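Structure file start.pdb; described as PDB, C-alpha atoms and all ligand atoms.
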ATOM      1  CA  MET A   1      69.325 -43.187 115.722
ATOM      2  CA  GLN A   2      69.913 -40.682 112.924
ATOM      3  CA  ASN A   3      73.246 -39.531 114.361
ATOM      4  CA  ALA A   4      74.271 -42.853 115.898
ATOM      5  CA  LEU A   5      77.769 -43.899 115.086
ATOM      6  CA  TYR A   6      79.766 -47.110 115.536
ATOM      7  CA  THR A   7      83.317 -46.321 116.568
ATOM      8  CA  SER A   8      86.376 -47.517 118.458
ATOM      9  CA  ALA A   9      87.257 -45.487 121.524
ATOM     10  CA  THR A  10      90.415 -45.238 123.610
ATOM     11  CA  ILE A  11      90.161 -45.122 127.407
ATOM     12  CA  VAL A  12      91.686 -41.838 128.589
ATOM     13  CA  GLU A  13      90.613 -42.122 132.239
ATOM     14  CA  LEU A  14      89.319 -45.023 134.316
ATOM     15  CA  LEU A  15      88.997 -44.542 138.065
ATOM     16  CA  PRO A  16      86.875 -45.924 140.884
ATOM     17  CA  MET A  17      84.780 -43.166 142.474
ATOM     18  CA  CYS A  18      86.548 -43.803 145.813
ATOM     19  CA  VAL A  19      88.707 -46.520 147.329
ATOM     20  CA  GLY A  20      86.978 -49.885 146.834
ATOM     21  CA  SER A  21      84.034 -48.357 144.978
ATOM     22  CA  PRO A  22      81.987 -50.626 142.657
ATOM     23  CA  ILE A  23      81.322 -47.533 140.535
ATOM     24  CA  TYR A  24      83.859 -46.326 137.983
ATOM     25  CA  LYS A  25      84.163 -43.106 136.065
ATOM     26  CA  ILE A  26      85.334 -43.903 132.549
ATOM     27  CA  THR A  27      86.275 -41.305 129.972
ATOM     28  CA  LEU A  28      86.667 -42.475 126.398
ATOM     29  CA  SER A  29      88.037 -40.727 123.364
ATOM     30  CA  PRO A  30      85.935 -41.993 120.428
ATOM     31  CA  HIS A  31      87.931 -42.264 117.211
ATOM     32  CA  SER A  32      84.993 -40.547 115.464
ATOM     33  CA  PRO A  33      83.390 -37.785 117.579
ATOM     34  CA  LEU A  34      79.806 -38.200 118.819
ATOM     35  CA  GLN A  35      77.503 -35.378 117.775
ATOM     36  CA  HIS A  36      73.995 -34.051 118.381
ATOM     37  CA  TRP A  37      73.205 -35.741 121.674
ATOM     38  CA  SER A  38      70.987 -34.715 124.561
ATOM     39  CA  ALA A  39      70.540 -35.614 128.242
ATOM     40  CA  GLY A  40      68.956 -39.033 128.686
ATOM     41  CA  GLN A  41      70.549 -40.655 125.650
ATOM     42  CA  PHE A  42      72.863 -43.619 125.978
ATOM     43  CA  ILE A  43      75.608 -45.503 124.197
ATOM     44  CA  MET A  44      76.200 -49.223 123.826
ATOM     45  CA  LEU A  45      79.678 -50.181 125.067
ATOM     46  CA  ASP A  46      81.440 -53.417 124.202
ATOM     47  CA  PHE A  47      83.988 -54.228 126.893
ATOM     48  CA  GLY A  48      85.926 -56.379 124.465
ATOM     49  CA  SER A  49      85.810 -59.448 126.677
ATOM     50  CA  SER A  50      87.154 -62.469 124.852
ATOM     51  CA  HIS A  51      84.570 -65.060 125.976
ATOM     52  CA  LEU A  52      81.969 -66.322 123.523
ATOM     53  CA  CYS A  53      78.557 -64.637 123.659
ATOM     54  CA  SER A  54      79.868 -61.315 124.888
ATOM     55  CA  PHE A  55      77.386 -58.500 124.527
ATOM     56  CA  ALA A  56      77.624 -54.743 124.589
ATOM     57  CA  ARG A  57      75.807 -53.000 127.430
ATOM     58  CA  PRO A  58      73.886 -49.693 127.557
ATOM     59  CA  PHE A  59      75.168 -46.736 129.617
ATOM     60  CA  SER A  60      73.826 -43.209 129.989
ATOM     61  CA  ILE A  61      75.960 -40.454 128.577
ATOM     62  CA  ALA A  62      77.081 -38.426 131.606
ATOM     63  CA  SER A  63      78.945 -35.848 129.536
ATOM     64  CA  ILE A  64      80.469 -35.297 126.138
ATOM     65  CA  GLY A  65      83.474 -33.005 125.717
ATOM     66  CA  SER A  66      85.001 -31.845 122.448
ATOM     67  CA  SER A  67      86.689 -35.231 121.974
ATOM     68  CA  THR A  68      85.587 -37.378 124.914
ATOM     69  CA  VAL A  69      82.545 -39.090 126.389
ATOM     70  CA  THR A  70      82.226 -39.835 130.112
ATOM     71  CA  LEU A  71      80.186 -42.603 131.721
ATOM     72  CA  TYR A  72      79.657 -43.765 135.307
ATOM     73  CA  ILE A  73      79.465 -47.539 135.465
ATOM     74  CA  HIS A  74      78.297 -49.641 138.408
ATOM     75  CA  ILE A  75      79.953 -53.053 138.200
ATOM     76  CA  ARG A  76      77.121 -55.618 138.259
ATOM     77  CA  GLY A  77      78.062 -58.824 136.479
ATOM     78  CA  LYS A  78      79.287 -60.594 133.395
ATOM     79  CA  GLU A  79      80.290 -57.633 131.221
ATOM     80  CA  THR A  80      80.824 -54.726 133.602
ATOM     81  CA  LYS A  81      83.249 -56.774 135.727
ATOM     82  CA  HIS A  82      85.720 -56.506 132.790
ATOM     83  CA  LEU A  83      86.162 -52.838 133.706
ATOM     84  CA  ARG A  84      88.493 -53.974 136.501
ATOM     85  CA  THR A  85      90.838 -55.554 133.933
ATOM     86  CA  LEU A  86      91.016 -52.480 131.680
ATOM     87  CA  SER A  87      93.283 -49.477 131.880
ATOM     88  CA  ARG A  88      94.182 -46.200 130.206
ATOM     89  CA  GLY A  89      95.060 -46.673 126.526
ATOM     90  CA  ASP A  90      92.899 -49.777 125.988
ATOM     91  CA  VAL A  91      90.560 -49.584 122.999
ATOM     92  CA  LEU A  92      86.867 -50.533 123.229
ATOM     93  CA  HIS A  93      83.990 -50.355 120.761
ATOM     94  CA  MET A  94      80.836 -48.338 121.183
ATOM     95  CA  TRP A  95      77.830 -47.033 119.287
ATOM     96  CA  GLY A  96      75.560 -44.108 119.919
ATOM     97  CA  PRO A  97      74.148 -41.677 120.889
ATOM     98  CA  LEU A  98      70.983 -43.783 121.069
ATOM     99  CA  GLY A  99      67.408 -43.355 122.264
ATOM    100  CA  ASN A 100      65.347 -40.312 123.126
ATOM    101  CA  SER A 101      66.063 -37.630 125.712
ATOM    102  CA  PHE A 102      64.385 -35.978 128.693
ATOM    103  CA  SER A 103      62.186 -32.931 128.046
ATOM    104  CA  PRO A 104      63.970 -29.629 128.684
ATOM    105  CA  PRO A 105      63.085 -27.685 131.862
ATOM    106  CA  THR A 106      60.570 -25.378 130.158
ATOM    107  CA  LYS A 107      58.370 -25.742 133.270
ATOM    108  CA  GLU A 108      59.214 -26.386 136.924
ATOM    109  CA  THR A 109      61.232 -29.583 136.920
ATOM    110  CA  LEU A 110      61.893 -32.100 139.675
ATOM    111  CA  LEU A 111      64.631 -34.687 139.131
ATOM    112  CA  ILE A 112      64.546 -38.002 141.012
ATOM    113  CA  ALA A 113      67.235 -40.685 140.818
ATOM    114  CA  GLY A 114      68.121 -43.878 142.606
ATOM    115  CA  GLY A 115      71.716 -45.128 142.632
ATOM    116  CA  ILE A 116      73.510 -45.035 139.283
ATOM    117  CA  GLY A 117      70.311 -43.520 137.824
ATOM    118  CA  ILE A 118      72.069 -40.261 138.675
ATOM    119  CA  ALA A 119      74.197 -40.548 135.481
ATOM    120  CA  PRO A 120      71.832 -38.862 132.953
ATOM    121  CA  PHE A 121      71.182 -36.039 135.432
ATOM    122  CA  VAL A 122      74.859 -35.082 135.465
ATOM    123  CA  THR A 123      74.313 -34.242 131.790
ATOM    124  CA  TYR A 124      70.860 -32.754 132.317
ATOM    125  CA  THR A 125      71.853 -30.313 135.054
ATOM    126  CA  ASN A 126      74.910 -29.173 133.087
ATOM    127  CA  GLN A 127      73.118 -29.024 129.735
ATOM    128  CA  TYR A 128      70.377 -26.704 131.021
ATOM    129  CA  ARG A 129      72.142 -24.865 133.902
ATOM    130  CA  THR A 130      68.916 -23.674 135.500
ATOM    131  CA  PRO A 131      67.802 -24.001 139.153
ATOM    132  CA  LEU A 132      66.498 -27.550 139.621
ATOM    133  CA  THR A 133      65.543 -29.659 142.625
ATOM    134  CA  PHE A 134      67.018 -33.138 142.702
ATOM    135  CA  LEU A 135      66.031 -35.950 145.085
ATOM    136  CA  PHE A 136      68.686 -38.652 145.154
ATOM    137  CA  GLY A 137      68.413 -41.991 146.956
ATOM    138  CA  HIS A 138      71.435 -44.238 147.348
ATOM    139  CA  ARG A 139      72.218 -47.532 149.103
ATOM    140  CA  ILE A 140      75.995 -47.238 149.189
ATOM    141  CA  ASP A 141      77.828 -44.160 150.513
ATOM    142  CA  GLU A 142      77.294 -40.861 148.750
ATOM    143  CA  GLU A 143      81.008 -40.564 147.848
ATOM    144  CA  ASN A 144      80.486 -43.336 145.268
ATOM    145  CA  TYR A 145      78.318 -41.079 143.108
ATOM    146  CA  PRO A 146      79.110 -38.063 140.903
ATOM    147  CA  LEU A 147      76.968 -35.656 142.929
ATOM    148  CA  ASN A 148      79.532 -32.879 142.718
ATOM    149  CA  GLU A 149      79.525 -33.184 138.913
ATOM    150  CA  CYS A 150      75.923 -31.954 138.804
ATOM    151  CA  SER A 151      75.556 -28.252 138.036
ATOM    152  CA  THR A 152      76.020 -25.948 141.027
ATOM    153  CA  MET A 153      72.567 -24.541 140.189
ATOM    154  CA  THR A 154      70.993 -27.808 141.346
ATOM    155  CA  THR A 155      69.567 -28.166 144.854
ATOM    156  CA  CYS A 156      70.274 -31.771 145.713
ATOM    157  CA  ARG A 157      68.667 -33.599 148.661
ATOM    158  CA  THR A 158      70.193 -37.010 149.312
ATOM    159  CA  PHE A 159      68.723 -40.028 151.102
ATOM    160  CA  HIS A 160      70.784 -42.975 152.284
ATOM    161  CA  ASP A 161      68.068 -45.613 151.832
ATOM    162  CA  ASN A 162      69.963 -48.653 153.104
ATOM    163  CA  ASN A 163      67.152 -50.073 155.252
ATOM    164  CA  SER A 164      63.375 -50.184 155.051
ATOM    165  CA  SER A 165      62.757 -47.204 157.344
ATOM    166  CA  SER A 166      65.249 -44.930 155.561
ATOM    167  CA  LEU A 167      63.835 -46.064 152.208
ATOM    168  CA  GLN A 168      60.389 -45.049 153.456
ATOM    169  CA  VAL A 169      61.722 -41.573 154.304
ATOM    170  CA  PHE A 170      62.930 -41.237 150.685
ATOM    171  CA  LEU A 171      59.618 -42.479 149.282
ATOM    172  CA  ASP A 172      57.606 -40.132 151.539
ATOM    173  CA  GLU A 173      59.769 -37.210 150.465
ATOM    174  CA  ILE A 174      59.181 -38.101 146.804
ATOM    175  CA  ARG A 175      55.409 -38.021 147.357
ATOM    176  CA  ALA A 176      55.476 -34.764 149.301
ATOM    177  CA  THR A 177      57.736 -33.055 146.761
ATOM    178  CA  MET A 178      55.890 -34.349 143.690
ATOM    179  CA  LEU A 179      52.721 -32.733 145.042
ATOM    180  CA  GLN A 180      54.440 -29.369 144.511
ATOM    181  CA  TYR A 181      54.963 -30.151 140.801
ATOM    182  CA  LYS A 182      51.346 -30.496 139.669
ATOM    183  CA  GLN A 183      51.937 -27.826 137.034
ATOM    184  CA  GLY A 184      55.487 -28.937 136.324
ATOM    185  CA  GLN A 185      57.251 -32.143 135.404
ATOM    186  CA  VAL A 186      59.073 -34.966 137.152
ATOM    187  CA  LEU A 187      62.004 -36.707 135.463
ATOM    188  CA  ALA A 188      63.241 -39.966 136.982
ATOM    189  CA  CYS A 189      65.867 -42.642 136.471
ATOM    190  CA  GLY A 190      66.780 -45.581 138.672
ATOM    191  CA  PRO A 191      65.846 -49.122 139.661
ATOM    192  CA  LEU A 192      62.519 -50.511 138.462
ATOM    193  CA  PRO A 193      60.768 -50.546 141.891
ATOM    194  CA  LEU A 194      61.527 -46.822 142.295
ATOM    195  CA  LEU A 195      60.261 -46.040 138.786
ATOM    196  CA  ARG A 196      57.126 -48.104 139.407
ATOM    197  CA  TYR A 197      56.459 -46.121 142.606
ATOM    198  CA  ILE A 198      56.897 -42.810 140.761
ATOM    199  CA  ARG A 199      54.716 -43.983 137.865
ATOM    200  CA  ASN A 200      51.917 -44.945 140.223
ATOM    201  CA  LEU A 201      52.189 -41.617 142.059
ATOM    202  CA  ALA A 202      52.174 -39.699 138.756
ATOM    203  CA  ILE A 203      48.938 -41.422 137.766
ATOM    204  CA  GLU A 204      47.337 -41.059 141.209
ATOM    205  CA  LEU A 205      48.266 -37.367 141.520
ATOM    206  CA  ASP A 206      47.883 -36.613 137.778
ATOM    207  CA  ILE A 207      51.416 -35.261 137.406
ATOM    208  CA  TYR A 208      53.416 -35.347 134.191
ATOM    209  CA  ALA A 209      56.431 -37.622 134.666
ATOM    210  CA  GLU A 210      59.075 -39.090 132.395
ATOM    211  CA  LEU A 211      60.838 -42.302 133.393
ATOM    212  CA  SER A 212      64.083 -43.648 131.972
ATOM    213  CA  LEU A 213      63.803 -47.453 131.912
ATOM    214  CA  GLU A 214      66.916 -49.525 132.493
ATOM    215  CA  GLU A 215      65.752 -52.547 130.492
ATOM    216  CA  THR A 216      68.270 -55.202 129.554
ATOM    217  CA  MET A 217      69.554 -54.355 126.072
ATOM    218  CA  PHE A 218      71.742 -56.262 123.635
ATOM    219  CA  CYS A 219      71.787 -54.303 120.378
ATOM    220  CA  GLY A 220      70.429 -50.854 121.318
ATOM    221  CA  VAL A 221      69.045 -50.301 117.817
ATOM    222  CA  GLY A 222      65.720 -52.151 117.736
ATOM    223  CA  ALA A 223      66.965 -55.375 116.153
ATOM    224  CA  CYS A 224      67.057 -58.044 118.884
ATOM    225  CA  LEU A 225      63.745 -57.427 120.711
ATOM    226  CA  GLY A 226      65.608 -57.903 123.977
ATOM    227  CA  CYS A 227      64.197 -54.769 125.557
ATOM    228  CA  VAL A 228      60.461 -54.686 124.875
ATOM    229  CA  CYS A 229      58.110 -52.998 127.310
ATOM    230  CA  LYS A 230      54.310 -52.752 127.312
ATOM    231  CA  THR A 231      52.598 -49.471 126.576
ATOM    232  CA  THR A 232      49.108 -48.294 127.510
ATOM    233  CA  ASP A 233      46.323 -47.120 125.152
ATOM    234  CA  SER A 234      47.476 -43.517 125.629
ATOM    235  CA  TYR A 235      50.825 -44.285 123.951
ATOM    236  CA  SER A 236      51.051 -43.192 120.353
ATOM    237  CA  ASP A 237      53.976 -43.572 117.975
ATOM    238  CA  SER A 238      53.375 -44.285 114.292
ATOM    239  CA  ARG A 239      56.524 -46.436 114.195
ATOM    240  CA  TYR A 240      54.888 -49.092 116.378
ATOM    241  CA  SER A 241      51.641 -50.918 115.651
ATOM    242  CA  ASP A 242      51.758 -53.166 118.720
ATOM    243  CA  SER A 243      51.434 -52.280 122.413
ATOM    244  CA  TYR A 244      54.890 -53.827 122.970
ATOM    245  CA  VAL A 245      57.689 -51.470 121.896
ATOM    246  CA  GLN A 246      61.467 -51.678 121.996
ATOM    247  CA  SER A 247      62.659 -49.460 124.808
ATOM    248  CA  CYS A 248      65.990 -48.808 123.038
ATOM    249  CA  THR A 249      64.320 -47.097 120.076
ATOM    250  CA  ALA A 250      60.971 -45.944 121.526
ATOM    251  CA  GLY A 251      62.695 -44.971 124.807
ATOM    252  CA  PRO A 252      64.547 -45.375 127.076
ATOM    253  CA  ILE A 253      62.427 -42.448 128.338
ATOM    254  CA  PHE A 254      58.648 -42.885 128.510
ATOM    255  CA  VAL A 255      55.854 -40.728 129.841
ATOM    256  CA  ALA A 256      54.654 -42.469 133.017
ATOM    257  CA  HIS A 257      51.011 -42.629 131.868
ATOM    258  CA  ASN A 258      52.082 -44.426 128.674
ATOM    259  CA  ILE A 259      53.794 -47.533 130.035
ATOM    260  CA  LEU A 260      53.041 -50.554 132.183
ATOM    261  CA  ILE A 261      55.956 -51.455 134.453
TER     262      ILE A 261
HETATM  263  C1  LIG B   1      69.357 -46.798 128.802
HETATM  264  C2  LIG B   1      70.186 -47.402 129.917
HETATM  265  C3  LIG B   1      71.140 -46.637 130.551
HETATM  266  C4  LIG B   1      71.926 -47.181 131.554
HETATM  267  N1  LIG B   1      72.863 -46.397 132.133
HETATM  268  C5  LIG B   1      73.689 -46.918 133.060
HETATM  269  C6  LIG B   1      74.733 -46.117 133.619
HETATM  270  O1  LIG B   1      74.905 -44.937 133.278
HETATM  271  N2  LIG B   1      75.542 -46.702 134.534
HETATM  272  C7  LIG B   1      75.379 -48.019 134.916
HETATM  273  O2  LIG B   1      76.159 -48.501 135.740
HETATM  274  N3  LIG B   1      74.396 -48.780 134.425
HETATM  275  C8  LIG B   1      73.561 -48.274 133.492
HETATM  276  N4  LIG B   1      72.587 -49.066 132.945
HETATM  277  C9  LIG B   1      72.482 -50.452 133.403
HETATM  278  C10 LIG B   1      73.579 -51.307 132.774
HETATM  279  O3  LIG B   1      73.350 -51.401 131.388
HETATM  280  C11 LIG B   1      73.588 -52.691 133.414
HETATM  281  O4  LIG B   1      73.960 -52.596 134.763
HETATM  282  C12 LIG B   1      74.575 -53.593 132.708
HETATM  283  O5  LIG B   1      74.026 -53.932 131.455
HETATM  284  C13 LIG B   1      74.857 -54.847 133.498
HETATM  285  O6  LIG B   1      75.669 -55.659 132.673
HETATM  286  P1  LIG B   1      76.504 -56.887 133.278
HETATM  287  O7  LIG B   1      76.842 -57.782 132.127
HETATM  288  O8  LIG B   1      77.625 -56.425 134.102
HETATM  289  O9  LIG B   1      75.470 -57.563 134.244
HETATM  290  P2  LIG B   1      74.682 -58.929 133.990
HETATM  291  O10 LIG B   1      75.654 -60.082 134.068
HETATM  292  O11 LIG B   1      73.862 -58.808 132.755
HETATM  293  O12 LIG B   1      73.771 -58.921 135.262
HETATM  294  C14 LIG B   1      74.370 -59.091 136.560
HETATM  295  C15 LIG B   1      73.383 -58.772 137.634
HETATM  296  O13 LIG B   1      73.049 -57.383 137.577
HETATM  297  C16 LIG B   1      71.658 -57.243 137.462
HETATM  298  N5  LIG B   1      71.388 -56.133 136.549
HETATM  299  C17 LIG B   1      71.520 -56.140 135.208
HETATM  300  N6  LIG B   1      71.122 -54.964 134.705
HETATM  301  C18 LIG B   1      70.749 -54.213 135.772
HETATM  302  C19 LIG B   1      70.219 -52.921 135.920
HETATM  303  N7  LIG B   1      69.930 -52.165 134.868
HETATM  304  N8  LIG B   1      69.935 -52.478 137.160
HETATM  305  C20 LIG B   1      70.152 -53.262 138.233
HETATM  306  N9  LIG B   1      70.639 -54.489 138.165
HETATM  307  C21 LIG B   1      70.930 -54.971 136.951
HETATM  308  C22 LIG B   1      71.157 -58.543 136.849
HETATM  309  O14 LIG B   1      69.809 -58.783 137.234
HETATM  310  C23 LIG B   1      72.079 -59.549 137.490
HETATM  311  O15 LIG B   1      71.640 -59.900 138.765
HETATM  312  C24 LIG B   1      71.763 -48.545 131.945
HETATM  313  C25 LIG B   1      70.793 -49.319 131.319
HETATM  314  C26 LIG B   1      70.024 -48.758 130.312
HETATM  315  C27 LIG B   1      68.995 -49.590 129.590
HETATM  316  S1  LIG B   2      68.213 -53.799 122.662
HETATM  317 FE1  LIG B   2      67.842 -54.893 120.827
HETATM  318  S2  LIG B   2      65.801 -54.305 120.344
HETATM  319 FE2  LIG B   2      66.317 -53.047 122.028
END

Starting from the coordinates I provided, produce the structure as structure tokens.
Ligand SMILES: Cc1cc2nc3c(=O)[nH]c(=O)nc-3n(C[C@H](O)[C@H](O)[C@H](O)COP(=O)(O)OP(=O)(O)OC[C@H]3O[C@@H](n4cnc5c(N)ncnc54)[C@H](O)[C@@H]3O)c2cc1C
Ligand code: FES
Amino acid sequence: MQNALYTSATIVELLPMCVGSPIYKITLSPHSPLQHWSAGQFIMLDFGSSHLCSFARPFSIASIGSSTVTLYIHIRGKETKHLRTLSRGDVLHMWGPLGNSFSPPTKETLLIAGGIGIAPFVTYTNQYRTPLTFLFGHRIDEENYPLNECSTMTTCRTFHDNNSSSLQVFLDEIRATMLQYKQGQVLACGPLPLLRYIRNLAIELDIYAELSLEETMFCGVGACLGCVCKTTDSYSDSRYSDSYVQSCTAGPIFVAHNILI
């Protein structure tokens, strides 16, 4: 929060990842530059829709250049659908960088993502540029995702989990690979059922894991209580006296043993 900034930002690039893709790469040029950010942090982006009750939405920072910030956005509903009406030169509003970040790869690190959960790992692999293993599960074709934007030092294994048997292959691979990281760390981002599976494995196998929660957020700064999640007794942060914490300010990244999801 210390370095978070509210700013207007001009769209300098807005492209679907492939023909007909529901995922867009958007590059913005903030009118005030974002500083001091790290992989795992996010921004709140207001699409500028004119209807009443419009809300900004949270998106992982996929990269920050000297004067730009890039995001990968999967069009889901009310707000993200406005992406299709925007074009180069339009001005939006955003604030960030927000939230905490993933631990650096000071020990053997396994990355796991599902779908658009890949976004923070584009930053992570390029920020640290060290050999990393990355397990990536996706329901729609691989060409929709920024896999080739991850650092070339990353060994990426992809799983097209578009039915229950292929999903099981992905889940089995996660278990088998996590077993090799008992002395290391697992960093994960993706849909809640995937994160829940990884959390349960981390507890069962006693492996250190960090999970980036994609809770619904409205303000991103701890004010609306729209994003609370429940922590366990092992969670400790002097800023919070209750077991319910705001995932925008306490997270979005939590140690698996410390949260109930
Ligand atoms: C810290 C953080 C980082 C995120 N980073 C990214 C990112 O880099 N790229 C990206 O595309 N999205 C990301 N998300 C998710 C993104 O914020 C939501 O997809 C977005 O808010 C949906 O807004 P909407 O108004 O279009 O959808 P809504 O109208 O609010 O919802 C439409 C439908 O989408 C479903 N939905 C809403 N949120 C999610 C979600 N998180 N996952 C799956 N389904 C959802 C709803 O249940 C509903 O069915 C992130 C979320 C968080 C908290
Ligand atoms: S999004 Fe408002 S408190 Fe977290």

### Task
I need the residue set behind the PyMOL selection byres (((not hetatm)) within 8 of (chain B and resi 2)) for this file; please write it as a list in words.
Thr216, Met217, Phe218, Cys219, Gly220, Val221, Gly222, Ala223, Cys224, Leu225, Gly226, Cys227, Val228, Gln246, Ser247, Cys248 and Thr249 of chain A

How about saving the chosen residues, C-alpha atoms kept, as a CSV table (one decimal), in the coordinates of the input?
chain,number,residue,atom,x,y,z
A,216,THR,CA,68.3,-55.2,129.6
A,217,MET,CA,69.6,-54.4,126.1
A,218,PHE,CA,71.7,-56.3,123.6
A,219,CYS,CA,71.8,-54.3,120.4
A,220,GLY,CA,70.4,-50.9,121.3
A,221,VAL,CA,69.0,-50.3,117.8
A,222,GLY,CA,65.7,-52.2,117.7
A,223,ALA,CA,67.0,-55.4,116.2
A,224,CYS,CA,67.1,-58.0,118.9
A,225,LEU,CA,63.7,-57.4,120.7
A,226,GLY,CA,65.6,-57.9,124.0
A,227,CYS,CA,64.2,-54.8,125.6
A,228,VAL,CA,60.5,-54.7,124.9
A,246,GLN,CA,61.5,-51.7,122.0
A,247,SER,CA,62.7,-49.5,124.8
A,248,CYS,CA,66.0,-48.8,123.0
A,249,THR,CA,64.3,-47.1,120.1

#### Entry: Protein and nucleic residues near ligand LIG 1 (chain B), 9 Å, only C-alpha atoms and all ligand atoms, as number ranges by chain
A: 23-24, 40-44, 54-62, 71-82, 98-99, 115-120, 189-192, 212-218, 220, 227, 247-248, 251-253

Please produce a file of those selected residues containing C-alpha atoms, as a short mmCIF file (atom, residue, chain, number, x, y, z; two decimals), keeping the file's coordinate frame.
data_model
loop_
_atom_site.label_atom_id
_atom_site.label_comp_id
_atom_site.auth_asym_id
_atom_site.auth_seq_id
_atom_site.Cartn_x
_atom_site.Cartn_y
_atom_site.Cartn_z
CA ILE A 23 81.32 -47.53 140.54
CA TYR A 24 83.86 -46.33 137.98
CA GLY A 40 68.96 -39.03 128.69
CA GLN A 41 70.55 -40.66 125.65
CA PHE A 42 72.86 -43.62 125.98
CA ILE A 43 75.61 -45.50 124.20
CA MET A 44 76.20 -49.22 123.83
CA SER A 54 79.87 -61.32 124.89
CA PHE A 55 77.39 -58.50 124.53
CA ALA A 56 77.62 -54.74 124.59
CA ARG A 57 75.81 -53.00 127.43
CA PRO A 58 73.89 -49.69 127.56
CA PHE A 59 75.17 -46.74 129.62
CA SER A 60 73.83 -43.21 129.99
CA ILE A 61 75.96 -40.45 128.58
CA ALA A 62 77.08 -38.43 131.61
CA LEU A 71 80.19 -42.60 131.72
CA TYR A 72 79.66 -43.76 135.31
CA ILE A 73 79.46 -47.54 135.46
CA HIS A 74 78.30 -49.64 138.41
CA ILE A 75 79.95 -53.05 138.20
CA ARG A 76 77.12 -55.62 138.26
CA GLY A 77 78.06 -58.82 136.48
CA LYS A 78 79.29 -60.59 133.40
CA GLU A 79 80.29 -57.63 131.22
CA THR A 80 80.82 -54.73 133.60
CA LYS A 81 83.25 -56.77 135.73
CA HIS A 82 85.72 -56.51 132.79
CA LEU A 98 70.98 -43.78 121.07
CA GLY A 99 67.41 -43.36 122.26
CA GLY A 115 71.72 -45.13 142.63
CA ILE A 116 73.51 -45.04 139.28
CA GLY A 117 70.31 -43.52 137.82
CA ILE A 118 72.07 -40.26 138.68
CA ALA A 119 74.20 -40.55 135.48
CA PRO A 120 71.83 -38.86 132.95
CA CYS A 189 65.87 -42.64 136.47
CA GLY A 190 66.78 -45.58 138.67
CA PRO A 191 65.85 -49.12 139.66
CA LEU A 192 62.52 -50.51 138.46
CA SER A 212 64.08 -43.65 131.97
CA LEU A 213 63.80 -47.45 131.91
CA GLU A 214 66.92 -49.52 132.49
CA GLU A 215 65.75 -52.55 130.49
CA THR A 216 68.27 -55.20 129.55
CA MET A 217 69.55 -54.36 126.07
CA PHE A 218 71.74 -56.26 123.64
CA GLY A 220 70.43 -50.85 121.32
CA CYS A 227 64.20 -54.77 125.56
CA SER A 247 62.66 -49.46 124.81
CA CYS A 248 65.99 -48.81 123.04
CA GLY A 251 62.70 -44.97 124.81
CA PRO A 252 64.55 -45.38 127.08
CA ILE A 253 62.43 -42.45 128.34
#

Find the smallest box with edges along x, y and z containing every listed atom of region 54-66 of chain A, then add 3 Å on each side and report centre and edge lengths in Å to one decimal, as lines of an AutoDock Vina configuration file.
center_x = 79.4
center_y = -46.6
center_z = 127.0
size_x = 17.2
size_y = 35.5
size_z = 15.2

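Among the candidate residues A:Leu132, A:Ala188, A:Leu45, A:Ile26, the one lying nearest to Tyr208 (chain A) is A:Ala188, with distances computed using all atoms listed in the file.
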
### Task
I need the residue set behind the PyMOL selection byres (((chain A and resi 149-161) around 9) and not hetatm) for this file; please write it as a PyMOL selection string.
chain A and resi 121-142+146-148+162-170

Sphere at (89.4, -47.2, 119.9), radius 10 Å, counting all atoms listed in the file: residues as a PDB file with C-alpha atoms, in the frame of the given file:
ATOM      1  CA  THR A   7      83.317 -46.321 116.568  1.00  0.00           C
ATOM      2  CA  SER A   8      86.376 -47.517 118.458  1.00  0.00           C
ATOM      3  CA  ALA A   9      87.257 -45.487 121.524  1.00  0.00           C
ATOM      4  CA  THR A  10      90.415 -45.238 123.610  1.00  0.00           C
ATOM      5  CA  ILE A  11      90.161 -45.122 127.407  1.00  0.00           C
ATOM      6  CA  LEU A  28      86.667 -42.475 126.398  1.00  0.00           C
ATOM      7  CA  SER A  29      88.037 -40.727 123.364  1.00  0.00           C
ATOM      8  CA  PRO A  30      85.935 -41.993 120.428  1.00  0.00           C
ATOM      9  CA  HIS A  31      87.931 -42.264 117.211  1.00  0.00           C
ATOM     10  CA  SER A  32      84.993 -40.547 115.464  1.00  0.00           C
ATOM     11  CA  GLY A  89      95.060 -46.673 126.526  1.00  0.00           C
ATOM     12  CA  ASP A  90      92.899 -49.777 125.988  1.00  0.00           C
ATOM     13  CA  VAL A  91      90.560 -49.584 122.999  1.00  0.00           C
ATOM     14  CA  LEU A  92      86.867 -50.533 123.229  1.00  0.00           C
ATOM     15  CA  HIS A  93      83.990 -50.355 120.761  1.00  0.00           C
ATOM     16  CA  MET A  94      80.836 -48.338 121.183  1.00  0.00           C
TER      17      MET A  94
END

### Query
Neighbours of Cys18 (chain A) within 10 Å (all atoms listed in the file; same-chain residues fewer than 2 positions away dropped), as JSON, numbers by chain?
{"A": [15, 16, 20, 21, 22, 23, 24, 141, 143, 144, 145]}

### Task
Would you translate the PyMOL selection byres (((chain A and resi 231) around 9) and not hetatm) into the concrete set of residues it matches in this file, as a VMD selection string?
chain A and resid 229 to 230 232 to 236 242 to 245 257 to 261

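The closest residue to Gln180 (chain A), picked from A:Thr85, A:Ser241, A:Thr109, A:Ser38 and counting all atoms listed in the file, is A:Thr109.
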
### Task
Can you work out which one of A:Ser238, A:Asn200, A:Thr27, A:Thr106 has the shortest atom-to-atom distance to Gln183 (chain A), counting only C-alpha atoms?
A:Thr106

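Reported to one decimal place, the separation of CA of Tyr197 (chain A) from CA of Ser63 (chain A) is 28.0 Å.
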
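Polymer residues near (47.9, -28.2, 140.6): counting all atoms listed in the file with a cut-off of 10 Å, they are Leu179, Gln180, Tyr181, Lys182, Gln183, Gly184, Leu205, Asp206 and Ile207 of chain A.
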